Amino acid sequence: MTADVLIVGAGPTGLAAALELARLGTRPRIIDRLPQPTPFSRAIGVNPRTLELLSPLGLDKVLLSAGHVLPRLNLRTPDRLVATVDFTRLHHQFNHLLALAQSDTERLLTERLAQEGIDVERGVELLSFTQDATGVTASLRNGDRESDVRSAYMLGADGSHSPVRTGLGIAMPGRTYEQPWSLADIRGEWPFERAAVQLIAQPGRAFLAFPFGVDLLRVVSSKGNVLEQLPPGTQVQEVVWHSEFKISARLADTYGRGRVYLAGDAAHLHSPVGARGMNLGIEDGILFARKLASGQLDTYRSDRRAVASHVVRLTEVQTRLVTTAVPLLRGVRDRMLPLALSLPPVRDVILREVSGLRSVRQGA
Ligand SMILES: Cc1cc2nc3c(=O)[nH]c(=O)nc-3n(C[C@H](O)[C@H](O)[C@H](O)COP(=O)(O)OP(=O)(O)OC[C@H]3O[C@@H](n4cnc5c(N)ncnc54)[C@H](O)[C@@H]3O)c2cc1C
């Protein structure tokens, strides 16, 4: 069987690429080795740039009606509110963050894709591939059956361990931090408003809380068990999910070779501070489709790598700033941020950066 584009991986990146390809007239095949989507939700934050990119598909409205709008992000220390990033001051149609479980985002994208007559082929694994001047031949396994599929292009949206990236021999230098982070989704009473993300910076660690759903809260800590660090006044009725993860700061040397391209976590990894991972992956997927449709695929790799390089570096700085134990750095951060946010031109830059809108010129 042949396809114009074979997408490996039906996470948010692969789904976004498939949807945009279909909208622009190319019929992709999309496979995922998992027989079912994972029910656990890594990402919670959908940023304005993602809503903007999904709006030609009508998915902005679909996501908005399913999610929880968050107009503010509060940076706190344990004893006080240091600064508020107020997204309502952003000059943009989507002037807020949106909290929506990644599993729900993936479900809504998958349903929209099915409306285009394209189903994710689940339980289908990429085993290996070769390429020549006219296309890519991918070897797939579906249960006991193995088959070859020929496509003009292949997109590796196959996550951090990316068999596609490995198959191309592309390195992804950077570092993975030893210290695990802890996360939990809890149901219960919370001493802060539900319309804001709370980022509580303590000496040597950061605590993040994202309200989502009707009555859920995603809490994350960069050190130690997050459930032992809940602010006074929190009453937990149910722990829905509790897990640990390690953070990395990594960038692929190049976004593919020949007719094979990389997107999403297959090409870049960074900490969840800034909530950019899934959003950047969706942006990669959509821009891959747009560049293919407009005959500009030759600029995809350098454009997207430049954007991700900026995000990986910025996320490193943000993560250090909120987790630092150095009193001098903490003092500078707690004085400079409110000052920066009080100056309209600087505030605009910060708002556009946090919203994912600052890189638009480079990769659009
Ligand atoms: C705790 C945590 C919190 C996070 N919070 C946020 C947040 O708030 N905002 C944000 O933007 N990001 C966040 N992220 C990051 C986000 O979850 C990822 O960036 C995102 O899932 C990447 O999507 P992807 O589609 O590129 O890869 P994945 O979601 O990893 O999908 C890759 C898919 O490829 C499939 N696959 C792999 N190998 C094969 C193969 N050989 N054949 C077929 N299929 C294959 C896999 O089964 C998988 O379904 C967070 C991450 C973590 C860990």
# chains A, B, ... in the order shown; residues from 1 in each chain; ligands from 1
>>> closest_atom_pairs(of="segment 271-309 of chain A", to="segment 171-176 of chain A", cutoff="12 Å", atoms="only C-alpha atoms", output="CSV")
residue,atom,partner,partner_atom,distance
A:Ser271,CA,A:Thr176,CA,9.9
A:Arg305,CA,A:Met172,CA,11.8
A:Ser309,CA,A:Gly174,CA,11.1
>>> residues_around(residues="Leu329 of chain A", least_positions_apart="4", cutoff="12 Å", atoms="only C-alpha atoms", output="list of chain:residue names")
A:Ala201, A:Pro203, A:Gly204, A:Val317, A:Arg320, A:Leu321, A:Val322, A:Thr323, A:Thr324, A:Ala325, A:Arg333, A:Asp334, A:Arg335, A:Met336, A:Leu337
>>> residues_around(residues="Leu64 of chain A", least_positions_apart="3", cutoff="10 Å", atoms="only C-alpha atoms", output="PDB file with all heavy atoms, in the first residue's frame")
ATOM      1  N   VAL A  46      -2.624  24.058  27.461  1.00  0.00           N
ATOM      2  CA  VAL A  46      -2.692  24.352  26.023  1.00  0.00           C
ATOM      3  C   VAL A  46      -2.504  25.864  25.885  1.00  0.00           C
ATOM      4  O   VAL A  46      -3.214  26.639  26.538  1.00  0.00           O
ATOM      5  CB  VAL A  46      -4.063  23.935  25.440  1.00  0.00           C
ATOM      6  CG1 VAL A  46      -4.168  24.308  23.972  1.00  0.00           C
ATOM      7  CG2 VAL A  46      -4.303  22.447  25.643  1.00  0.00           C
ATOM      8  N   LEU A  51      -4.008  27.077  20.176  1.00  0.00           N
ATOM      9  CA  LEU A  51      -5.412  27.349  19.818  1.00  0.00           C
ATOM     10  C   LEU A  51      -5.483  28.063  18.470  1.00  0.00           C
ATOM     11  O   LEU A  51      -6.348  27.760  17.630  1.00  0.00           O
ATOM     12  CB  LEU A  51      -6.072  28.184  20.919  1.00  0.00           C
ATOM     13  CG  LEU A  51      -6.261  27.449  22.249  1.00  0.00           C
ATOM     14  CD1 LEU A  51      -6.725  28.409  23.339  1.00  0.00           C
ATOM     15  CD2 LEU A  51      -7.264  26.293  22.103  1.00  0.00           C
ATOM     16  N   LEU A  59     -10.976  23.407  15.752  1.00  0.00           N
ATOM     17  CA  LEU A  59     -10.685  22.700  17.011  1.00  0.00           C
ATOM     18  C   LEU A  59     -10.457  23.650  18.189  1.00  0.00           C
ATOM     19  O   LEU A  59     -10.484  23.220  19.340  1.00  0.00           O
ATOM     20  CB  LEU A  59      -9.467  21.794  16.830  1.00  0.00           C
ATOM     21  CG  LEU A  59      -9.800  20.416  16.253  1.00  0.00           C
ATOM     22  CD1 LEU A  59      -8.549  19.734  15.730  1.00  0.00           C
ATOM     23  CD2 LEU A  59     -10.480  19.531  17.301  1.00  0.00           C
ATOM     24  N   ASP A  60     -10.215  24.922  17.909  1.00  0.00           N
ATOM     25  CA  ASP A  60     -10.069  25.878  19.012  1.00  0.00           C
ATOM     26  C   ASP A  60     -11.340  25.877  19.859  1.00  0.00           C
ATOM     27  O   ASP A  60     -11.294  25.771  21.092  1.00  0.00           O
ATOM     28  CB  ASP A  60      -9.731  27.273  18.483  1.00  0.00           C
ATOM     29  CG  ASP A  60     -10.718  27.763  17.419  1.00  0.00           C
ATOM     30  OD1 ASP A  60     -11.367  26.915  16.768  1.00  0.00           O
ATOM     31  OD2 ASP A  60     -10.864  28.974  17.248  1.00  0.00           O
ATOM     32  N   LYS A  61     -12.487  25.931  19.172  1.00  0.00           N
ATOM     33  CA  LYS A  61     -13.768  25.985  19.907  1.00  0.00           C
ATOM     34  C   LYS A  61     -14.014  24.674  20.644  1.00  0.00           C
ATOM     35  O   LYS A  61     -14.507  24.646  21.774  1.00  0.00           O
ATOM     36  CB  LYS A  61     -14.919  26.265  18.940  1.00  0.00           C
ATOM     37  CG  LYS A  61     -14.818  27.624  18.299  1.00  0.00           C
ATOM     38  CD  LYS A  61     -15.954  27.872  17.324  1.00  0.00           C
ATOM     39  CE  LYS A  61     -15.705  29.104  16.474  1.00  0.00           C
ATOM     40  NZ  LYS A  61     -14.505  28.991  15.598  1.00  0.00           N
ATOM     41  N   GLY A  67     -12.244  22.484  27.939  1.00  0.00           N
ATOM     42  CA  GLY A  67     -11.190  22.792  28.910  1.00  0.00           C
ATOM     43  C   GLY A  67     -11.595  23.832  29.939  1.00  0.00           C
ATOM     44  O   GLY A  67     -12.745  24.237  30.030  1.00  0.00           O
ATOM     45  N   HIS A  68     -10.600  24.243  30.695  1.00  0.00           N
ATOM     46  CA  HIS A  68     -10.799  25.179  31.801  1.00  0.00           C
ATOM     47  C   HIS A  68      -9.896  26.387  31.532  1.00  0.00           C
ATOM     48  O   HIS A  68      -8.669  26.249  31.469  1.00  0.00           O
ATOM     49  CB  HIS A  68     -10.414  24.447  33.101  1.00  0.00           C
ATOM     50  CG  HIS A  68     -10.469  25.283  34.327  1.00  0.00           C
ATOM     51  ND1 HIS A  68     -11.645  25.618  34.947  1.00  0.00           N
ATOM     52  CD2 HIS A  68      -9.491  25.857  35.060  1.00  0.00           C
ATOM     53  CE1 HIS A  68     -11.388  26.356  36.023  1.00  0.00           C
ATOM     54  NE2 HIS A  68     -10.087  26.513  36.108  1.00  0.00           N
ATOM     55  N   VAL A  69     -10.512  27.562  31.340  1.00  0.00           N
ATOM     56  CA  VAL A  69      -9.740  28.748  30.979  1.00  0.00           C
ATOM     57  C   VAL A  69      -8.994  29.296  32.199  1.00  0.00           C
ATOM     58  O   VAL A  69      -9.559  29.441  33.282  1.00  0.00           O
ATOM     59  CB  VAL A  69     -10.692  29.816  30.379  1.00  0.00           C
ATOM     60  CG1 VAL A  69     -10.011  31.175  30.301  1.00  0.00           C
ATOM     61  CG2 VAL A  69     -11.154  29.383  28.992  1.00  0.00           C
ATOM     62  N   PHE A  94      -6.892  34.752  21.756  1.00  0.00           N
ATOM     63  CA  PHE A  94      -6.883  33.808  22.885  1.00  0.00           C
ATOM     64  C   PHE A  94      -5.977  34.393  23.967  1.00  0.00           C
ATOM     65  O   PHE A  94      -4.764  34.178  23.960  1.00  0.00           O
ATOM     66  CB  PHE A  94      -6.377  32.436  22.441  1.00  0.00           C
ATOM     67  CG  PHE A  94      -7.167  31.855  21.298  1.00  0.00           C
ATOM     68  CD1 PHE A  94      -6.586  31.660  20.059  1.00  0.00           C
ATOM     69  CD2 PHE A  94      -8.515  31.531  21.460  1.00  0.00           C
ATOM     70  CE1 PHE A  94      -7.317  31.139  18.999  1.00  0.00           C
ATOM     71  CE2 PHE A  94      -9.254  31.023  20.402  1.00  0.00           C
ATOM     72  CZ  PHE A  94      -8.656  30.825  19.167  1.00  0.00           C
ATOM     73  N   LEU A  98      -5.205  27.448  28.553  1.00  0.00           N
ATOM     74  CA  LEU A  98      -6.332  26.522  28.658  1.00  0.00           C
ATOM     75  C   LEU A  98      -5.825  25.254  29.342  1.00  0.00           C
ATOM     76  O   LEU A  98      -4.820  24.689  28.923  1.00  0.00           O
ATOM     77  CB  LEU A  98      -6.868  26.188  27.268  1.00  0.00           C
ATOM     78  CG  LEU A  98      -8.091  25.267  27.251  1.00  0.00           C
ATOM     79  CD1 LEU A  98      -9.328  26.027  27.730  1.00  0.00           C
ATOM     80  CD2 LEU A  98      -8.338  24.716  25.850  1.00  0.00           C
ATOM     81  N   ALA A  99      -6.527  24.853  30.404  1.00  0.00           N
ATOM     82  CA  ALA A  99      -6.152  23.597  31.064  1.00  0.00           C
ATOM     83  C   ALA A  99      -7.028  22.484  30.516  1.00  0.00           C
ATOM     84  O   ALA A  99      -8.263  22.551  30.585  1.00  0.00           O
ATOM     85  CB  ALA A  99      -6.356  23.724  32.568  1.00  0.00           C
ATOM     86  N   LEU A 100      -6.387  21.502  29.914  1.00  0.00           N
ATOM     87  CA  LEU A 100      -7.120  20.354  29.358  1.00  0.00           C
ATOM     88  C   LEU A 100      -6.177  19.156  29.413  1.00  0.00           C
ATOM     89  O   LEU A 100      -5.026  19.250  28.962  1.00  0.00           O
ATOM     90  CB  LEU A 100      -7.539  20.650  27.907  1.00  0.00           C
ATOM     91  CG  LEU A 100      -8.374  19.588  27.202  1.00  0.00           C
ATOM     92  CD1 LEU A 100      -9.726  19.397  27.893  1.00  0.00           C
ATOM     93  CD2 LEU A 100      -8.615  19.971  25.737  1.00  0.00           C
TER      94      LEU A 100
END
>>> residues_around(residues="segment 149-160 of chain A", least_positions_apart="6", cutoff="6 Å", atoms="only C-alpha atoms", output="ChimeraX atom specification")
/A:1-9,13-14,135-138,259-266
>>> closest_residue(among="A:Ser248, A:Ala114, A:Glu106, A:Gly256", to="Val164 of chain A", atoms="only C-alpha atoms")
A:Gly256
>>> residues_around(residues="Arg187 of chain A", least_positions_apart="6", cutoff="10 Å", atoms="only C-alpha atoms", output="list in words")
Pro211, Gly213, Val214, Asp215, Leu216, Leu217, Arg218, Gln235, Val236, Gln237, Glu238, Val239 and Val240 of chain A
>>> write_last_selection(atoms="C-alpha atoms", output="PDB file, in the first residue's frame")
ATOM      1  CA  PRO A 211      -6.553  23.559  38.110  1.00  0.00           C
ATOM      2  CA  GLY A 213     -11.543  19.701  34.758  1.00  0.00           C
ATOM      3  CA  VAL A 214     -14.442  20.563  37.045  1.00  0.00           C
ATOM      4  CA  ASP A 215     -12.697  19.952  40.341  1.00  0.00           C
ATOM      5  CA  LEU A 216      -9.228  18.536  39.661  1.00  0.00           C
ATOM      6  CA  LEU A 217      -5.808  19.921  40.385  1.00  0.00           C
ATOM      7  CA  ARG A 218      -2.501  18.842  38.821  1.00  0.00           C
ATOM      8  CA  GLN A 235      -7.888  18.971  51.649  1.00  0.00           C
ATOM      9  CA  VAL A 236      -7.390  15.912  49.459  1.00  0.00           C
ATOM     10  CA  GLN A 237     -10.516  13.806  48.809  1.00  0.00           C
ATOM     11  CA  GLU A 238      -9.006  11.593  46.126  1.00  0.00           C
ATOM     12  CA  VAL A 239      -5.619  11.038  44.510  1.00  0.00           C
ATOM     13  CA  VAL A 240      -6.517  10.221  40.913  1.00  0.00           C
TER      14      VAL A 240
END
>>> select_by_dssp(residues="segment 27-61 of chain A", states="alpha helix (DSSP H)", output="ChimeraX atom specification")
/A:48-54,59-61
>>> closest_residue(among="A:Asp148, A:Glu178, A:Glu52, A:Glu121", to="ligand 1", atoms="only C-alpha atoms and all ligand atoms")
A:Glu121
>>> residues_around(residues="Gln102 of chain A", least_positions_apart="3", cutoff="7 Å", atoms="only C-alpha atoms", output="ChimeraX atom specification")
/A:41-44,105-106
>>> atom_distance(atom1="atom 12 (N, counted along the ligand's line) of ligand 1", atom2="atom CA of Asn279 of chain A")
6.0 Å
>>> residues_around(residues="segment 338-353 of chain A", least_positions_apart="6", cutoff="8 Å", atoms="only C-alpha atoms", output="list in words")
Val82, Ala83, Thr84, Val85, Asp86, Phe87, Leu90 and Ser359 of chain A
>>> atom_distance(atom1="atom 52 (C, counted along the ligand's line) of ligand 1", atom2="atom CA of Arg194 of chain A")
21.3 Å
>>> closest_residue(among="A:Leu54, A:Leu97, A:Ala293, A:Leu127", to="ligand 1", atoms="only C-alpha atoms and all ligand atoms")
A:Leu127
>>> select_by_dssp(residues="segment 99-227 of chain A", states="strand (DSSP E)", output="JSON, numbers by chain")
{"A": [99, 121, 122, 124, 125, 126, 127, 128, 129, 130, 131, 136, 137, 138, 139, 140, 141, 142, 145, 146, 147, 148, 149, 150, 151, 152, 153, 154, 155, 156, 174, 175, 176, 181, 182, 183, 184, 185, 186, 187, 188, 189, 196, 197, 198, 199, 200, 201, 202, 205, 206, 207, 208, 209, 210, 211, 212, 216, 217, 218, 219, 220, 221]}
>>> closest_residue(among="A:Ile247, A:Ala209, A:Leu328, A:Ala195", to="ligand 1", atoms="only C-alpha atoms and all ligand atoms")
A:Ile247
